[in-house]
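File shown: data-v6.tsv. Contents: TSV, C-alpha atoms.
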```
chain	number	residue	atom	x	y	z
A	1	MET	CA	12.02	-1.23	-13.19
A	2	LEU	CA	13.26	2.35	-12.95
A	3	GLY	CA	14.64	2.31	-16.48
A	4	SER	CA	17.23	4.91	-17.36
A	5	ALA	CA	15.77	7.56	-15.04
A	6	THR	CA	18.23	9.24	-12.75
A	7	PHE	CA	17.37	10.36	-9.25
A	8	THR	CA	19.13	12.65	-6.87
A	9	GLY	CA	19.09	12.87	-3.09
A	10	SER	CA	15.71	12.14	-1.58
A	11	GLN	CA	14.25	11.08	-4.96
A	12	ALA	CA	16.73	8.22	-5.22
A	13	GLU	CA	16.12	7.23	-1.61
A	14	ALA	CA	12.35	7.28	-2.13
A	15	ALA	CA	12.57	5.21	-5.33
A	16	SER	CA	14.76	2.74	-3.46
A	17	TYR	CA	12.50	2.22	-0.44
A	18	HIS	CA	9.35	2.09	-2.58
A	19	THR	CA	10.94	-0.65	-4.69
A	20	LYS	CA	12.09	-2.53	-1.59
A	21	ALA	CA	8.67	-2.26	0.07
A	22	ILE	CA	6.96	-3.68	-3.02
A	23	LYS	CA	9.49	-6.51	-3.17
A	24	VAL	CA	8.85	-7.36	0.50
A	25	ALA	CA	5.07	-7.29	0.02
A	26	LYS	CA	5.35	-9.52	-3.09
A	27	SER	CA	7.42	-12.02	-1.08
A	28	GLU	CA	4.39	-12.36	1.23
A	29	LEU	CA	1.88	-13.23	-1.54
A	30	GLY	CA	-0.39	-15.99	-0.27
A	31	THR	CA	0.16	-15.18	3.42
A	32	LYS	CA	-3.17	-15.52	5.21
A	33	TYR	CA	-5.19	-12.60	6.51
A	34	LYS	CA	-5.10	-12.16	10.27
A	35	MET	CA	-6.85	-9.29	12.05
A	36	GLY	CA	-4.14	-7.32	13.85
A	37	GLY	CA	-1.45	-9.38	12.10
A	38	ILE	CA	1.95	-7.79	11.53
A	39	SER	CA	4.14	-10.75	10.54
A	40	SER	CA	4.54	-13.53	7.99
A	41	SER	CA	2.22	-15.69	10.10
A	42	GLY	CA	-0.63	-13.39	9.05
A	43	PHE	CA	-1.28	-9.76	8.09
A	44	ASP	CA	-4.11	-7.32	8.12
A	45	CYS	CA	-3.91	-4.55	5.51
A	46	SER	CA	-2.00	-1.97	7.53
A	47	GLY	CA	0.16	-4.69	9.08
A	48	LEU	CA	1.39	-5.67	5.61
A	49	VAL	CA	2.09	-2.05	4.64
A	50	LYS	CA	3.86	-1.26	7.92
A	51	TYR	CA	5.90	-4.50	7.71
A	52	SER	CA	6.87	-3.95	4.05
A	53	TYR	CA	7.95	-0.35	4.53
A	54	GLN	CA	9.73	-1.12	7.81
A	55	LYS	CA	11.82	-3.77	6.03
A	56	ALA	CA	12.59	-1.09	3.43
A	57	GLY	CA	13.76	1.31	6.15
A	58	LYS	CA	10.67	3.49	6.57
A	59	ASN	CA	8.70	3.39	9.82
A	60	LEU	CA	4.94	3.93	9.51
A	61	PRO	CA	2.07	4.10	12.00
A	62	ARG	CA	0.03	0.96	12.68
A	63	THR	CA	-3.44	1.74	11.31
A	64	ALA	CA	-4.71	2.74	7.86
A	65	ALA	CA	-6.22	5.94	9.34
A	66	ASP	CA	-2.91	6.94	10.95
A	67	ILE	CA	-0.86	6.07	7.85
A	68	TYR	CA	-3.27	8.27	5.85
A	69	LYS	CA	-2.06	11.27	7.87
A	70	LYS	CA	1.45	10.80	6.42
A	71	GLY	CA	2.86	11.68	3.03
A	72	LYS	CA	1.62	13.90	0.24
A	73	SER	CA	-1.71	13.39	-1.55
A	74	VAL	CA	-1.30	12.43	-5.20
A	75	LYS	CA	-3.70	12.12	-8.13
A	76	THR	CA	-1.45	10.15	-10.49
A	77	LEU	CA	-0.23	6.89	-8.99
A	78	GLN	CA	3.39	5.78	-9.04
A	79	LYS	CA	4.80	2.46	-7.85
A	80	GLY	CA	5.00	2.43	-4.08
A	81	ASP	CA	2.22	4.96	-3.50
A	82	LEU	CA	-0.22	3.98	-0.78
A	83	MET	CA	-3.87	3.64	-1.80
A	84	PHE	CA	-6.60	4.18	0.78
A	85	PHE	CA	-10.13	2.86	0.88
A	86	ALA	CA	-13.16	3.48	3.07
A	87	PRO	CA	-16.70	2.12	3.14
A	88	ASN	CA	-19.15	4.53	1.49
A	89	LYS	CA	-16.29	6.93	0.74
A	90	ALA	CA	-16.04	7.94	4.41
A	91	LYS	CA	-13.20	10.35	5.18
A	92	LYS	CA	-11.40	7.92	7.51
A	93	PRO	CA	-9.79	5.03	5.62
A	94	THR	CA	-10.17	1.49	6.88
A	95	HIS	CA	-8.02	-0.21	4.24
A	96	VAL	CA	-4.58	0.51	2.76
A	97	ALA	CA	-2.68	-1.07	-0.14
A	98	ILE	CA	0.55	-0.53	-2.08
A	99	TYR	CA	0.29	0.44	-5.74
A	100	THR	CA	2.56	-1.84	-7.79
A	101	GLY	CA	2.03	-0.37	-11.27
A	102	ASP	CA	0.03	-1.64	-14.23
A	103	ASN	CA	-3.26	-0.61	-12.57
A	104	GLN	CA	-2.90	-3.04	-9.69
A	105	PHE	CA	-2.11	-3.02	-6.01
A	106	ILE	CA	-0.98	-5.51	-3.39
A	107	HIS	CA	-2.78	-5.76	-0.08
A	108	SER	CA	-3.96	-8.14	2.61
A	109	ALA	CA	-7.66	-8.76	2.19
A	110	SER	CA	-9.79	-10.73	4.61
A	111	SER	CA	-11.04	-12.91	1.74
A	112	LYS	CA	-7.70	-13.72	0.03
A	113	GLY	CA	-4.85	-12.74	2.34
A	114	VAL	CA	-1.88	-11.07	0.67
A	115	SER	CA	-2.90	-10.76	-2.96
A	116	TYR	CA	-3.13	-8.47	-5.97
A	117	ALA	CA	-6.23	-6.56	-7.01
A	118	LYS	CA	-6.89	-4.29	-9.97
A	119	THR	CA	-7.52	-0.58	-9.40
A	120	ASN	CA	-10.82	-0.95	-11.28
A	121	ASN	CA	-11.93	-3.91	-9.13
A	122	PRO	CA	-15.73	-3.54	-8.66
A	123	TYR	CA	-15.44	-4.08	-4.89
A	124	TRP	CA	-12.52	-1.72	-4.20
A	125	LYS	CA	-12.96	1.05	-6.80
A	126	PRO	CA	-16.07	2.64	-5.20
A	127	LYS	CA	-14.34	2.61	-1.80
A	128	TYR	CA	-11.18	4.37	-3.02
A	129	ILE	CA	-10.68	7.75	-1.29
A	130	GLY	CA	-7.15	8.70	-2.40
A	131	ALA	CA	-3.43	7.99	-2.47
A	132	LYS	CA	-0.39	9.26	-0.62
A	133	ARG	CA	3.26	9.33	-1.58
A	134	LEU	CA	5.74	8.97	1.25
```
Let's see the structure in the file written out as structure tokens.
Amino acid sequence: MLGSATFTGSQAEAASYHTKAIKVAKSELGTKYKMGGISSSGFDCSGLVKYSYQKAGKNLPRTAADIYKKGKSVKTLQKGDLMFFAPNKAKKPTHVAIYTGDNQFIHSASSKGVSYAKTNNPYWKPKYIGAKRL
């Protein structure tokens, strides 16, 4: 996954927890959507992100809007970056997902539960407002 790249200090730590968080989220594929859900019995979008990163050793706030206040804004996505979405491109995000590479992300959607979606998905793409790297 990381190939022959070498990382030092915080870079290695970041690569490690991003990889772990993605692995945790992938292990929850198919888990049903549950408003306010923060466990394997059901997740909402921020519940999945918080749960996945917590298992990887990184504590995050509970809501998409509060998570959006963390990290550094990025234009070019890397695995583990958090993607944020809002209806009508509002400034306050209402949905968060984890970028997994290959132009796709993993999230918990009310229609499909924990699942993958493509970054060019016609529903999500117009709602995308930016990404953050923790």
**Q.** 10 Å contact set for Arg62 (chain A), only C-alpha atoms, chain neighbours under 6 positions out, as a list in words
**A.**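 Residues near the query, excluding close chain neighbours: Gly36, Ile38, Cys45, Ser46, Gly47, Leu48, Val49, Lys50 and Tyr51 of chain A.
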Q. Quick one: residues within 8 Å of Asp44 (chain A), all atoms listed in the file counted, chain neighbours fewer than 5 positions away excluded, as a PyMOL selection string?
A. chain A and resi 33-38+108-110+113
Q: Record the distance separating CA of Ala25 (chain A) and CA of Ala65 (chain A), expressed in Å with one decimal.
A: 19.7 Å
**Q.** For region 115-129 of chain A: contacts at 10 Å, only C-alpha atoms, fewer than 5 positions along chain excluded, given as a PyMOL selection string
**A.** chain A and resi 25-26+28-33+83-109
Q: Go through A:Lys23, A:Lys112, A:Lys75, A:His18 one by one, measure the shortest atom-to-atom distance of each to Lys58 (chain A) using all atoms listed in the file, and give the residue with the smallest value.
A: A:His18
Enclose the full set of atoms of region 67-83 of chain A listed in the file within a box whose edges lie along x, y and z, apply 6 Å of padding to each of the six sides, and report centre and edge lengths in Å to one decimal as AutoDock Vina command-line options.
```
--center_x 0.6 --center_y 8.2 --center_z -1.3 --size_x 20.9 --size_y 23.5 --size_z 30.4
```
Because the input lacks atoms here, generate N, CA, C and O atoms for region 24-35 of chain A and report them as a PDB file, in the frame of the given file.
```
ATOM      1  N   VAL A  24       9.199  -6.684  -0.755  1.00  0.00           N
ATOM      2  CA  VAL A  24       8.850  -7.360   0.500  1.00  0.00           C
ATOM      3  C   VAL A  24       7.393  -7.820   0.466  1.00  0.00           C
ATOM      4  O   VAL A  24       7.087  -8.978   0.781  1.00  0.00           O
ATOM      5  N   ALA A  25       6.492  -6.933   0.074  1.00  0.00           N
ATOM      6  CA  ALA A  25       5.070  -7.290   0.020  1.00  0.00           C
ATOM      7  C   ALA A  25       4.839  -8.460  -0.946  1.00  0.00           C
ATOM      8  O   ALA A  25       4.101  -9.401  -0.630  1.00  0.00           O
ATOM      9  N   LYS A  26       5.493  -8.425  -2.116  1.00  0.00           N
ATOM     10  CA  LYS A  26       5.350  -9.520  -3.090  1.00  0.00           C
ATOM     11  C   LYS A  26       5.848 -10.842  -2.516  1.00  0.00           C
ATOM     12  O   LYS A  26       5.300 -11.898  -2.809  1.00  0.00           O
ATOM     13  N   SER A  27       6.888 -10.782  -1.676  1.00  0.00           N
ATOM     14  CA  SER A  27       7.420 -12.020  -1.080  1.00  0.00           C
ATOM     15  C   SER A  27       6.422 -12.635  -0.100  1.00  0.00           C
ATOM     16  O   SER A  27       6.559 -13.798   0.266  1.00  0.00           O
ATOM     17  N   GLU A  28       5.411 -11.875   0.291  1.00  0.00           N
ATOM     18  CA  GLU A  28       4.390 -12.360   1.230  1.00  0.00           C
ATOM     19  C   GLU A  28       3.103 -12.791   0.532  1.00  0.00           C
ATOM     20  O   GLU A  28       2.126 -13.140   1.198  1.00  0.00           O
ATOM     21  N   LEU A  29       3.087 -12.789  -0.810  1.00  0.00           N
ATOM     22  CA  LEU A  29       1.880 -13.230  -1.540  1.00  0.00           C
ATOM     23  C   LEU A  29       1.443 -14.591  -1.021  1.00  0.00           C
ATOM     24  O   LEU A  29       2.266 -15.490  -0.847  1.00  0.00           O
ATOM     25  N   GLY A  30       0.155 -14.720  -0.762  1.00  0.00           N
ATOM     26  CA  GLY A  30      -0.390 -15.990  -0.270  1.00  0.00           C
ATOM     27  C   GLY A  30      -0.447 -16.082   1.247  1.00  0.00           C
ATOM     28  O   GLY A  30      -1.107 -16.973   1.785  1.00  0.00           O
ATOM     29  N   THR A  31       0.229 -15.168   1.958  1.00  0.00           N
ATOM     30  CA  THR A  31       0.160 -15.180   3.420  1.00  0.00           C
ATOM     31  C   THR A  31      -1.274 -14.906   3.835  1.00  0.00           C
ATOM     32  O   THR A  31      -1.932 -14.022   3.277  1.00  0.00           O
ATOM     33  N   LYS A  32      -1.770 -15.647   4.812  1.00  0.00           N
ATOM     34  CA  LYS A  32      -3.170 -15.520   5.210  1.00  0.00           C
ATOM     35  C   LYS A  32      -3.456 -14.183   5.882  1.00  0.00           C
ATOM     36  O   LYS A  32      -2.555 -13.528   6.419  1.00  0.00           O
ATOM     37  N   TYR A  33      -4.725 -13.802   5.826  1.00  0.00           N
ATOM     38  CA  TYR A  33      -5.190 -12.600   6.510  1.00  0.00           C
ATOM     39  C   TYR A  33      -5.350 -12.927   7.989  1.00  0.00           C
ATOM     40  O   TYR A  33      -5.862 -13.980   8.351  1.00  0.00           O
ATOM     41  N   LYS A  34      -4.912 -12.012   8.826  1.00  0.00           N
ATOM     42  CA  LYS A  34      -5.100 -12.160  10.270  1.00  0.00           C
ATOM     43  C   LYS A  34      -5.352 -10.777  10.851  1.00  0.00           C
ATOM     44  O   LYS A  34      -4.502  -9.887  10.738  1.00  0.00           O
ATOM     45  N   MET A  35      -6.518 -10.572  11.432  1.00  0.00           N
ATOM     46  CA  MET A  35      -6.850  -9.290  12.050  1.00  0.00           C
ATOM     47  C   MET A  35      -5.787  -8.937  13.075  1.00  0.00           C
ATOM     48  O   MET A  35      -5.460  -9.750  13.932  1.00  0.00           O
TER      49      MET A  35
END
```
